[in-house]
Amino acid sequence: MQTVVHVTHEAIQKIGGIGAVLEGLFTSRVYLDLVPRNILVGPFWPTDAVGEGRLGPAGDVLYSSLDSLYRSPLAARFREIEQQFGVGIVYGRRKFTDKATGVTSTPEVLLIDVSNFDKAKLAIFKFDLYKQFGIESARYENVYDYEQYVRLGPPAIACLHALGAATSKNEPCVILAHEYMGMPTALAARLEGDRGHFRTVFYAHEVATMRRIVEGHAGHDTMFYNVMRRALDQGRYVEDVFGDQNGYYKHALVKATRFCDEIFCVGGQMLQEMKFLGPEFANVDARIAYNGVPCWKVSTEEKTDSRQKLRAYCKALIRYEPDHVFTHVTRLVPSKGMWRDLRVLEHLEPMLRQRNETAVLFALSTEVPGRRPDDILRMEQWHKWPVAHREGLPDLSGGEAAYYAGVQEFNACARNIKIVFINQFGFEQRLCGKRMPADMEFMDIRKGSDVEFGQSIYEPFGIAQVEPISFGGICVFSSVCGCAGFVQKAADGPTPNAIIADYTGLPEPSPRLEPLLLIAQPQRDAIENEVAEKVARTLMERLPRTTAEQEQFIERGHVLAQKMSWDVVARDYVLPGIRRACLRKNLQQ
């Protein structure tokens with residue numbers, strides 16, 4: 001098959017879900033057998049490492065004008081492109097390896113420094129974006145996040161031509177624009193028309209317009225998804241209901257996705273969200289391309305060993321070994337709905353008390369870069385981090401302090417469940433202090449968890465909250481998470497290994513939009529309390545309490561993970577979508 005280009009801000013650093021998608025595809029034998037050549041394209045950031053380290057610890061730099069490295073035979077052509085656009089180029093390879101299977105690949109990496117882009121050429125490109133796609137760049141020129149990805153497009157296409165990525169008309173080069181960040185490059189390819197031998201796919205990991213509305217409204221998902229469904233039934237769209245969105249630069253780029261040959265949506269809700277953008281999306285070819293789930297086979301002994309490490313860590317921190325270990329591994333952003341965990345635990349705690357059972361929730365989340373190990377050691381020594389925290393760096397940031405206030409209130413009232421808030425990247429003794437077992441590693445929090453929470457208010461898929469399913473963990477996520485649909489499809493219905501909490505269900509849904517738009521925090525609080533109690537009761541019934549029960553969860557979880565693996569995703573969703581894009585001419589709109 002042809003070359004596939006992945007345009008993303010995670011070309012080097014894994015920041016979130018897109019990085020997980022890249023790791024999954026680049027270590028999938030099914031994907032690699034049909035896509036032997038992959039190129040990662042992204043902007044160069046000054047904070048990246050220098051010299052030989054520009055492409056990360058597993059990278060091989062072949063060209064970097066920033067470091068006077070000219071090992072590539074294309075050095076002269078890269079230099080011409082740099083002079084043409086006023087950019088800097090870093091080119092080489094980066095290695096991806098799946099530790100479980102040993103599958104390895106080394107996709108090419110192309111980073112472009114756009115900080116000194118030629119103003120005349122930038123103006124021409126922006127005019128073309130307006131003339132062909134209706135994007136008014138002048139409205140967003142004060143937003144550098146927009147600027148850098150617009151500047152990335154033209155030199156990226158020039159470099160792809162230099163690399164010979166688009167030489168075959170029969171096997172065109174397919175550009176996967178991961179999120180809004182990749183759209184200017186996809187549109188730059190679209191401007192070349194048939195002579196460019198490119199096809200474009202928008203890889204929608206979210207619909208930025210909808211995320212902003214959900215996070216910004218007090219009714220969150222409870223309001224939004226009821227409104228969206230009713231509005232679509234009435235032939236109304238997001239701007240009809242929520243007003244003009246064109247002042248938001250991400251909205252402008254996401255609306256331009258209708259010019260792509262194909263749209264991948266990582267969850268079922270996103271198909272509706274894409275249609276909600278406007279009537280022009282009625283005939284756009286948008287289809288589901290779920291994310292994959294790690295598929296590791298673990299024994300009961302391996303799970304027990306990881307679980308015991310977590311229990312020992314709990315004892316070292318708060319002096320008891322819990323009967324049940326709960327976890328939530330996530331980024332600390334509003335969309336993750338972390339307060340919903342506390343609401344479930346508030347109902348679960350008296351139930352555990354009646355059975356004389358205990359539990360701990362390890363909430364592993366932060367909103368800032370990882371703390372230095374020496375700062376962790378000092379905080380551990382002086383104020384018993386992570387059991388106790390102090391506001392201000394190197395400990396709590398503003399958002400972390402707000403979450404920790406809820407943790408403190410819960411811990412003060414609860415007897416049989418305690419929450420340990422670990423605001424640090426990584427999960428090993430070097431990064432998390434001396435009270436953590438010396439042999440602890442990150443996979444232990446995945447393997448050893450009895451329950452993983454992830455009751456997001458906006459979650460296009462949710463790789464993190466479904467990862468422990470392969471290891472026999474019970475995964476609790478909300479119905480708006482894209483992974484809910486994939487789990488149900490893989491299980492052919494409900495499964496004991498997953499609890500899907502529906503926070504969008506209304507006791508008496510109105511047939512009119514106006515009452516739905518008025519849903520705010522009081523109504524949402526009432527619904528969340530009711531749903532949280534149901535989740536707690538279901539957990540009490542399902543928590544494994546014997547070895548035999550644990551073995552059943554592990555076996556079911558592994559079967560589910562096999563049906564949700566990256567090989568399955570590549571075979572059934574991604575590769576057919578790439579093939580459809582290759583066979584389809586760009587939409588003429």
# chains A, B, ... in the order shown; residues from 1 in each chain; ligands from 1
>>> closest_atom_pairs(of="stretch 276-392 of chain A", to="stretch 87-101 of chain A", cutoff="12 Å", atoms="only C-alpha atoms", output="JSON lines")
{"residue": "A:Pro294", "atom": "CA", "partner": "A:Ala100", "partner_atom": "CA", "distance": 9.2}
{"residue": "A:Cys295", "atom": "CA", "partner": "A:Ala100", "partner_atom": "CA", "distance": 8.5}
{"residue": "A:Trp296", "atom": "CA", "partner": "A:Ala100", "partner_atom": "CA", "distance": 6.9}
{"residue": "A:Lys297", "atom": "CA", "partner": "A:Ala100", "partner_atom": "CA", "distance": 9.2}
{"residue": "A:Val298", "atom": "CA", "partner": "A:Ala100", "partner_atom": "CA", "distance": 10.9}
>>> residues_around(residues="A:Lys534", least_positions_apart="4", cutoff="12 Å", atoms="only C-alpha atoms", output="number ranges by chain")
A: 343-348, 476, 499-503, 527-530, 538-541
>>> select_by_dssp(residues="stretch 98-327 of chain A", states="alpha helix (DSSP H)", output="PyMOL selection string")
chain A and resi 119-133+144-162+183-191+208-216+220-233+238-242+249-255+268-275+300-318
>>> write_last_selection(atoms="C-alpha atoms", output="mmCIF file, in the first residue's frame")
data_model
loop_
_atom_site.group_PDB
_atom_site.id
_atom_site.type_symbol
_atom_site.label_atom_id
_atom_site.label_comp_id
_atom_site.auth_asym_id
_atom_site.auth_seq_id
_atom_site.Cartn_x
_atom_site.Cartn_y
_atom_site.Cartn_z
ATOM 1 C CA LYS A 119 5.469 36.492 5.346
ATOM 2 C CA ALA A 120 4.663 36.773 1.656
ATOM 3 C CA LYS A 121 4.233 33.039 1.180
ATOM 4 C CA LEU A 122 2.185 32.830 4.381
ATOM 5 C CA ALA A 123 -0.165 35.531 3.083
ATOM 6 C CA ILE A 124 -0.630 33.648 -0.200
ATOM 7 C CA PHE A 125 -1.465 30.414 1.604
ATOM 8 C CA LYS A 126 -3.926 32.136 3.928
ATOM 9 C CA PHE A 127 -5.638 33.745 0.943
ATOM 10 C CA ASP A 128 -5.967 30.305 -0.669
ATOM 11 C CA LEU A 129 -7.451 28.921 2.556
ATOM 12 C CA TYR A 130 -10.064 31.675 2.453
ATOM 13 C CA LYS A 131 -10.784 31.460 -1.261
ATOM 14 C CA GLN A 132 -11.067 27.666 -1.423
ATOM 15 C CA PHE A 133 -12.269 26.722 2.062
ATOM 16 C CA TYR A 144 -0.018 31.068 17.803
ATOM 17 C CA ASP A 145 -1.500 27.589 18.114
ATOM 18 C CA TYR A 146 -3.410 28.362 14.916
ATOM 19 C CA GLU A 147 -0.482 30.122 13.269
ATOM 20 C CA GLN A 148 2.041 27.331 13.731
ATOM 21 C CA TYR A 149 -0.147 24.677 12.124
ATOM 22 C CA VAL A 150 -1.056 26.938 9.188
ATOM 23 C CA ARG A 151 2.643 27.637 8.664
ATOM 24 C CA LEU A 152 3.364 23.905 8.829
ATOM 25 C CA GLY A 153 1.233 23.041 5.795
ATOM 26 C CA PRO A 154 3.058 24.310 2.668
ATOM 27 C CA PRO A 155 6.624 23.315 3.662
ATOM 28 C CA ALA A 156 5.365 19.937 4.884
ATOM 29 C CA ILE A 157 3.868 19.216 1.453
ATOM 30 C CA ALA A 158 7.081 20.358 -0.230
ATOM 31 C CA CYS A 159 9.098 18.006 1.990
ATOM 32 C CA LEU A 160 6.758 15.101 1.238
ATOM 33 C CA HIS A 161 7.361 15.643 -2.460
ATOM 34 C CA ALA A 162 11.114 15.730 -1.809
ATOM 35 C CA MET A 183 -5.937 20.191 8.870
ATOM 36 C CA PRO A 184 -3.817 23.012 7.329
ATOM 37 C CA THR A 185 -1.413 20.389 5.950
ATOM 38 C CA ALA A 186 -4.335 18.348 4.608
ATOM 39 C CA LEU A 187 -5.795 21.472 2.998
ATOM 40 C CA ALA A 188 -2.405 22.370 1.506
ATOM 41 C CA ALA A 189 -2.421 18.925 -0.123
ATOM 42 C CA ARG A 190 -5.999 19.481 -1.263
ATOM 43 C CA LEU A 191 -4.961 22.709 -3.014
ATOM 44 C CA ALA A 208 -13.284 20.681 19.394
ATOM 45 C CA THR A 209 -16.420 22.800 19.062
ATOM 46 C CA MET A 210 -18.484 20.309 21.036
ATOM 47 C CA ARG A 211 -15.829 19.774 23.691
ATOM 48 C CA ARG A 212 -15.740 23.499 24.426
ATOM 49 C CA ILE A 213 -19.529 23.653 24.790
ATOM 50 C CA VAL A 214 -19.719 20.576 27.030
ATOM 51 C CA GLU A 215 -16.902 21.712 29.315
ATOM 52 C CA GLY A 216 -18.080 25.303 29.475
ATOM 53 C CA HIS A 220 -22.114 19.391 30.840
ATOM 54 C CA ASP A 221 -22.964 16.141 29.018
ATOM 55 C CA THR A 222 -26.380 15.901 30.680
ATOM 56 C CA MET A 223 -27.436 19.041 28.847
ATOM 57 C CA PHE A 224 -25.440 18.802 25.637
ATOM 58 C CA TYR A 225 -26.230 15.327 24.339
ATOM 59 C CA ASN A 226 -29.944 15.696 25.012
ATOM 60 C CA VAL A 227 -29.912 19.023 23.175
ATOM 61 C CA MET A 228 -27.871 17.673 20.262
ATOM 62 C CA ARG A 229 -30.151 14.688 19.709
ATOM 63 C CA ARG A 230 -33.303 16.791 19.838
ATOM 64 C CA ALA A 231 -31.795 19.471 17.579
ATOM 65 C CA LEU A 232 -30.729 16.964 14.933
ATOM 66 C CA ASP A 233 -34.233 15.488 14.960
ATOM 67 C CA VAL A 238 -24.728 23.725 16.598
ATOM 68 C CA GLU A 239 -24.734 27.369 15.544
ATOM 69 C CA ASP A 240 -28.532 27.409 15.360
ATOM 70 C CA VAL A 241 -28.641 26.331 18.999
ATOM 71 C CA PHE A 242 -25.460 27.666 20.626
ATOM 72 C CA TYR A 249 -10.127 28.914 15.477
ATOM 73 C CA LYS A 250 -10.513 25.191 16.083
ATOM 74 C CA HIS A 251 -14.120 25.376 14.899
ATOM 75 C CA ALA A 252 -13.017 26.942 11.622
ATOM 76 C CA LEU A 253 -10.508 24.146 10.986
ATOM 77 C CA VAL A 254 -12.884 21.368 12.033
ATOM 78 C CA LYS A 255 -15.618 22.705 9.733
ATOM 79 C CA GLY A 268 -20.146 6.551 17.893
ATOM 80 C CA GLN A 269 -21.142 9.829 19.549
ATOM 81 C CA MET A 270 -18.678 11.645 17.295
ATOM 82 C CA LEU A 271 -20.602 10.693 14.178
ATOM 83 C CA GLN A 272 -23.515 12.698 15.537
ATOM 84 C CA GLU A 273 -21.201 15.504 16.658
ATOM 85 C CA MET A 274 -19.747 15.812 13.158
ATOM 86 C CA LYS A 275 -23.230 15.981 11.626
ATOM 87 C CA THR A 300 -3.942 -14.776 38.173
ATOM 88 C CA GLU A 301 -0.540 -14.898 39.869
ATOM 89 C CA GLU A 302 0.745 -11.921 37.871
ATOM 90 C CA LYS A 303 -2.342 -9.868 38.673
ATOM 91 C CA THR A 304 -2.125 -10.838 42.326
ATOM 92 C CA ASP A 305 1.539 -9.801 42.420
ATOM 93 C CA SER A 306 0.794 -6.352 40.944
ATOM 94 C CA ARG A 307 -2.233 -5.976 43.189
ATOM 95 C CA GLN A 308 -0.170 -6.812 46.255
ATOM 96 C CA LYS A 309 2.347 -4.092 45.355
ATOM 97 C CA LEU A 310 -0.506 -1.573 45.289
ATOM 98 C CA ARG A 311 -1.838 -2.851 48.614
ATOM 99 C CA ALA A 312 1.638 -2.633 50.150
ATOM 100 C CA TYR A 313 1.999 0.920 48.838
ATOM 101 C CA CYS A 314 -1.315 1.812 50.451
ATOM 102 C CA LYS A 315 -0.129 0.358 53.763
ATOM 103 C CA ALA A 316 3.123 2.327 53.585
ATOM 104 C CA LEU A 317 1.132 5.517 52.986
ATOM 105 C CA ILE A 318 -1.971 5.198 55.157
#
>>> closest_residue(among="A:Val109, A:Pro172, A:Val487, A:Gly454", to="A:Ala58", atoms="only C-alpha atoms")
A:Val109
>>> residues_around(residues="A:Leu518", least_positions_apart="2", cutoff="10 Å", atoms="only C-alpha atoms", output="ChimeraX atom specification")
/A:218-219,223,227,513-516,520-521,523
>>> write_last_selection(atoms="C-alpha atoms", output="PDB file, in the first residue's frame")
ATOM      1  CA  ALA A 218     -22.811  23.851  33.869  1.00  0.00           C
ATOM      2  CA  GLY A 219     -25.078  21.112  32.535  1.00  0.00           C
ATOM      3  CA  MET A 223     -27.436  19.041  28.847  1.00  0.00           C
ATOM      4  CA  VAL A 227     -29.912  19.023  23.175  1.00  0.00           C
ATOM      5  CA  LEU A 513     -35.158  22.333  22.991  1.00  0.00           C
ATOM      6  CA  GLU A 514     -35.685  25.254  25.361  1.00  0.00           C
ATOM      7  CA  PRO A 515     -36.167  23.221  28.583  1.00  0.00           C
ATOM      8  CA  LEU A 516     -33.194  21.013  27.669  1.00  0.00           C
ATOM      9  CA  ALA A 520     -27.690  23.302  34.707  1.00  0.00           C
ATOM     10  CA  GLN A 521     -25.790  22.109  37.774  1.00  0.00           C
ATOM     11  CA  GLN A 523     -30.408  19.086  37.601  1.00  0.00           C
TER      12      GLN A 523
END
>>> closest_residue(among="A:Val207, A:Ile474, A:Cys481, A:Leu277", to="A:Gln552", atoms="only C-alpha atoms")
A:Ile474
>>> atom_distance(atom1="atom CA of A:Lys336", atom2="atom CA of A:Glu400")
13.1 Å
>>> residues_around(residues="A:Val466", least_positions_apart="3", cutoff="6 Å", atoms="only C-alpha atoms", output="compact mmCIF listing (two decimals) with N, CA and C atoms, in the first residue's frame")
# COMPACT_ATOMS: atom_id res chain seq x y z
N ILE A 463 -9.07 5.65 25.85
CA ILE A 463 -8.17 4.50 25.92
C ILE A 463 -7.80 4.17 27.36
N ILE A 469 -9.06 -3.47 31.22
CA ILE A 469 -9.99 -4.55 30.93
C ILE A 469 -9.25 -5.82 30.52
N CYS A 475 -14.03 -1.84 34.42
CA CYS A 475 -13.88 -0.48 33.91
C CYS A 475 -15.21 0.25 34.01
>>> closest_residue(among="A:Leu74, A:Ile263, A:Ala165, A:Leu25", to="A:Ile578", atoms="only C-alpha atoms")
A:Ile263
>>> closest_residue(among="A:Met564, A:Leu543, A:Leu34, A:Ala402", to="A:Pro334", atoms="only C-alpha atoms")
A:Ala402
>>> select_by_dssp(residues="stretch 88-171 of chain A", states="strand (DSSP E)", output="JSON, numbers by chain")
{"A": [88, 89, 90, 91, 92, 93, 94, 96, 97, 104, 105, 108, 109, 110, 111, 112, 113]}
>>> write_last_selection(atoms="N, CA and C atoms", output="tab-separated table (two decimals), in the first residue's frame")
chain	number	residue	atom	x	y	z
A	88	GLY	N	13.09	25.91	9.33
A	88	GLY	CA	14.14	24.96	9.64
A	88	GLY	C	13.57	23.55	9.61
A	89	ILE	N	14.38	22.57	9.24
A	89	ILE	CA	13.88	21.19	9.09
A	89	ILE	C	14.74	20.24	9.91
A	90	VAL	N	14.05	19.32	10.58
A	90	VAL	CA	14.69	18.19	11.25
A	90	VAL	C	14.05	16.93	10.68
A	91	TYR	N	14.89	16.00	10.20
A	91	TYR	CA	14.37	14.78	9.57
A	91	TYR	C	15.16	13.58	10.06
A	92	GLY	N	14.45	12.47	10.27
A	92	GLY	CA	15.11	11.24	10.68
A	92	GLY	C	14.10	10.14	10.90
A	93	ARG	N	14.40	9.28	11.87
A	93	ARG	CA	13.51	8.16	12.19
A	93	ARG	C	13.34	8.04	13.69
A	94	ARG	N	12.24	7.41	14.09
A	94	ARG	CA	11.95	7.16	15.49
A	94	ARG	C	11.46	5.74	15.64
A	96	PHE	N	9.46	2.58	17.38
A	96	PHE	CA	8.32	2.17	18.21
A	96	PHE	C	8.42	0.66	18.43
A	97	THR	N	8.27	0.22	19.67
A	97	THR	CA	8.35	-1.20	19.99
A	97	THR	C	7.25	-1.58	20.96
A	104	THR	N	8.28	-4.12	16.02
A	104	THR	CA	9.02	-2.85	15.99
A	104	THR	C	8.88	-2.20	14.62
A	105	SER	N	8.79	-0.88	14.61
A	105	SER	CA	8.82	-0.15	13.35
A	105	SER	C	9.57	1.16	13.55
A	108	GLU	N	9.52	7.41	9.56
A	108	GLU	CA	10.26	8.65	9.36
A	108	GLU	C	9.60	9.77	10.16
A	109	VAL	N	10.38	10.74	10.55
A	109	VAL	CA	9.88	11.90	11.31
A	109	VAL	C	10.35	13.17	10.63
A	110	LEU	N	9.42	14.10	10.43
A	110	LEU	CA	9.72	15.38	9.81
A	110	LEU	C	9.20	16.48	10.72
A	111	LEU	N	10.12	17.25	11.33
A	111	LEU	CA	9.76	18.39	12.16
A	111	LEU	C	10.15	19.67	11.45
A	112	ILE	N	9.28	20.67	11.52
A	112	ILE	CA	9.54	21.92	10.81
A	112	ILE	C	9.46	23.09	11.79
A	113	ASP	N	10.52	23.86	11.85
A	113	ASP	CA	10.57	25.07	12.67
A	113	ASP	C	9.96	26.21	11.85
>>> residues_around(residues="stretch 361-373 of chain A", least_positions_apart="3", cutoff="6 Å", atoms="only C-alpha atoms", output="VMD selection string")
chain A and resid 326 to 332 376 419 to 425 431
>>> closest_residue(among="A:His9, A:Val451, A:Pro279, A:Ala286", to="A:Tyr180", atoms="only C-alpha atoms")
A:His9
>>> closest_residue(among="A:Asp261, A:Ser115, A:Arg139, A:Val61", to="A:Leu583", atoms="only C-alpha atoms")
A:Asp261
>>> atom_distance(atom1="atom CA of A:Pro494", atom2="atom CA of A:Val535")
14.2 Å
>>> residues_around(residues="A:Ser565", least_positions_apart="6", cutoff="12 Å", atoms="only C-alpha atoms", output="JSON, numbers by chain")
{"A": [21, 24, 25, 27, 28, 29, 30, 31, 290, 291, 292, 293, 294, 295, 296, 463, 466, 467, 469, 470, 486, 487, 490, 557, 558, 559, 571, 572, 573]}
>>> decode(residues="stretch 506-543 of chain A", atoms="N, CA and C atoms", output="mmCIF file, in the first residue's frame")
data_model
loop_
_atom_site.group_PDB
_atom_site.id
_atom_site.type_symbol
_atom_site.label_atom_id
_atom_site.label_comp_id
_atom_site.auth_asym_id
_atom_site.auth_seq_id
_atom_site.Cartn_x
_atom_site.Cartn_y
_atom_site.Cartn_z
ATOM 1 N N LEU A 506 -32.700 11.376 31.242
ATOM 2 C CA LEU A 506 -33.581 12.305 31.942
ATOM 3 C C LEU A 506 -34.855 11.588 32.362
ATOM 4 N N PRO A 507 -35.407 11.893 33.553
ATOM 5 C CA PRO A 507 -36.641 11.248 33.992
ATOM 6 C C PRO A 507 -37.803 11.518 33.047
ATOM 7 N N GLU A 508 -37.906 12.775 32.582
ATOM 8 C CA GLU A 508 -38.973 13.153 31.649
ATOM 9 C C GLU A 508 -38.379 14.070 30.579
ATOM 10 N N PRO A 509 -37.761 13.501 29.556
ATOM 11 C CA PRO A 509 -37.123 14.336 28.526
ATOM 12 C C PRO A 509 -38.153 15.174 27.771
ATOM 13 N N SER A 510 -37.846 16.440 27.605
ATOM 14 C CA SER A 510 -38.759 17.356 26.933
ATOM 15 C C SER A 510 -38.656 17.207 25.419
ATOM 16 N N PRO A 511 -39.778 17.302 24.711
ATOM 17 C CA PRO A 511 -39.720 17.276 23.250
ATOM 18 C C PRO A 511 -39.239 18.606 22.662
ATOM 19 N N ARG A 512 -39.130 19.646 23.514
ATOM 20 C CA ARG A 512 -38.699 20.965 23.051
ATOM 21 C C ARG A 512 -37.263 21.240 23.486
ATOM 22 N N LEU A 513 -36.554 22.029 22.699
ATOM 23 C CA LEU A 513 -35.158 22.333 22.991
ATOM 24 C C LEU A 513 -34.987 23.254 24.191
ATOM 25 N N GLU A 514 -35.878 24.213 24.347
ATOM 26 C CA GLU A 514 -35.685 25.254 25.361
ATOM 27 C C GLU A 514 -35.504 24.687 26.764
ATOM 28 N N PRO A 515 -36.371 23.778 27.239
ATOM 29 C CA PRO A 515 -36.167 23.221 28.583
ATOM 30 C C PRO A 515 -34.861 22.433 28.718
ATOM 31 N N LEU A 516 -34.445 21.781 27.625
ATOM 32 C CA LEU A 516 -33.194 21.013 27.669
ATOM 33 C C LEU A 516 -31.993 21.942 27.809
ATOM 34 N N LEU A 517 -32.073 23.096 27.151
ATOM 35 C CA LEU A 517 -30.980 24.065 27.244
ATOM 36 C C LEU A 517 -30.849 24.663 28.639
ATOM 37 N N LEU A 518 -31.904 24.564 29.430
ATOM 38 C CA LEU A 518 -31.886 25.139 30.781
ATOM 39 C C LEU A 518 -31.311 24.176 31.821
ATOM 40 N N ILE A 519 -30.983 22.950 31.395
ATOM 41 C CA ILE A 519 -30.375 21.996 32.335
ATOM 42 C C ILE A 519 -29.050 22.564 32.819
ATOM 43 N N ALA A 520 -28.907 22.724 34.129
ATOM 44 C CA ALA A 520 -27.690 23.302 34.707
ATOM 45 C C ALA A 520 -27.227 22.417 35.855
ATOM 46 N N GLN A 521 -26.386 22.947 36.735
ATOM 47 C CA GLN A 521 -25.790 22.109 37.774
ATOM 48 C C GLN A 521 -26.804 21.469 38.718
ATOM 49 N N PRO A 522 -27.853 22.158 39.169
ATOM 50 C CA PRO A 522 -28.797 21.495 40.083
ATOM 51 C C PRO A 522 -29.407 20.223 39.499
ATOM 52 N N GLN A 523 -29.845 20.282 38.230
ATOM 53 C CA GLN A 523 -30.408 19.086 37.601
ATOM 54 C C GLN A 523 -29.344 18.024 37.393
ATOM 55 N N ARG A 524 -28.160 18.475 36.964
ATOM 56 C CA ARG A 524 -27.079 17.506 36.754
ATOM 57 C C ARG A 524 -26.673 16.849 38.063
ATOM 58 N N ASP A 525 -26.595 17.624 39.140
ATOM 59 C CA ASP A 525 -26.245 17.059 40.448
ATOM 60 C C ASP A 525 -27.211 15.957 40.850
ATOM 61 N N ALA A 526 -28.490 16.198 40.640
ATOM 62 C CA ALA A 526 -29.501 15.202 41.029
ATOM 63 C C ALA A 526 -29.346 13.918 40.219
ATOM 64 N N ILE A 527 -29.109 14.080 38.910
ATOM 65 C CA ILE A 527 -28.924 12.903 38.054
ATOM 66 C C ILE A 527 -27.635 12.178 38.411
ATOM 67 N N GLU A 528 -26.555 12.942 38.654
ATOM 68 C CA GLU A 528 -25.281 12.311 39.012
ATOM 69 C C GLU A 528 -25.395 11.535 40.313
ATOM 70 N N ASN A 529 -26.113 12.061 41.273
ATOM 71 C CA ASN A 529 -26.263 11.368 42.545
ATOM 72 C C ASN A 529 -27.008 10.050 42.365
ATOM 73 N N GLU A 530 -28.048 10.079 41.557
ATOM 74 C CA GLU A 530 -28.838 8.865 41.318
ATOM 75 C C GLU A 530 -28.026 7.813 40.561
ATOM 76 N N VAL A 531 -27.319 8.254 39.521
ATOM 77 C CA VAL A 531 -26.521 7.314 38.727
ATOM 78 C C VAL A 531 -25.359 6.776 39.553
ATOM 79 N N ALA A 532 -24.720 7.649 40.351
ATOM 80 C CA ALA A 532 -23.592 7.216 41.178
ATOM 81 C C ALA A 532 -24.010 6.119 42.149
ATOM 82 N N GLU A 533 -25.207 6.228 42.712
ATOM 83 C CA GLU A 533 -25.685 5.180 43.629
ATOM 84 C C GLU A 533 -25.860 3.855 42.895
ATOM 85 N N LYS A 534 -26.381 3.906 41.661
ATOM 86 C CA LYS A 534 -26.540 2.674 40.873
ATOM 87 C C LYS A 534 -25.185 2.049 40.568
ATOM 88 N N VAL A 535 -24.207 2.893 40.208
ATOM 89 C CA VAL A 535 -22.865 2.383 39.928
ATOM 90 C C VAL A 535 -22.280 1.728 41.168
ATOM 91 N N ALA A 536 -22.452 2.364 42.341
ATOM 92 C CA ALA A 536 -21.912 1.818 43.592
ATOM 93 C C ALA A 536 -22.540 0.467 43.904
ATOM 94 N N ARG A 537 -23.851 0.344 43.747
ATOM 95 C CA ARG A 537 -24.521 -0.935 44.036
ATOM 96 C C ARG A 537 -24.059 -2.024 43.076
ATOM 97 N N THR A 538 -23.886 -1.651 41.806
ATOM 98 C CA THR A 538 -23.412 -2.637 40.828
ATOM 99 C C THR A 538 -21.995 -3.089 41.162
ATOM 100 N N LEU A 539 -21.149 -2.137 41.562
ATOM 101 C CA LEU A 539 -19.785 -2.496 41.954
ATOM 102 C C LEU A 539 -19.785 -3.459 43.133
ATOM 103 N N MET A 540 -20.609 -3.190 44.120
ATOM 104 C CA MET A 540 -20.662 -4.065 45.290
ATOM 105 C C MET A 540 -21.017 -5.495 44.901
ATOM 106 N N GLU A 541 -21.878 -5.632 43.930
ATOM 107 C CA GLU A 541 -22.277 -6.967 43.486
ATOM 108 C C GLU A 541 -21.180 -7.657 42.688
ATOM 109 N N ARG A 542 -20.398 -6.883 41.921
ATOM 110 C CA ARG A 542 -19.460 -7.493 40.971
ATOM 111 C C ARG A 542 -18.037 -7.637 41.482
ATOM 112 N N LEU A 543 -17.632 -6.860 42.482
ATOM 113 C CA LEU A 543 -16.240 -6.916 42.925
ATOM 114 C C LEU A 543 -15.828 -8.360 43.206
#
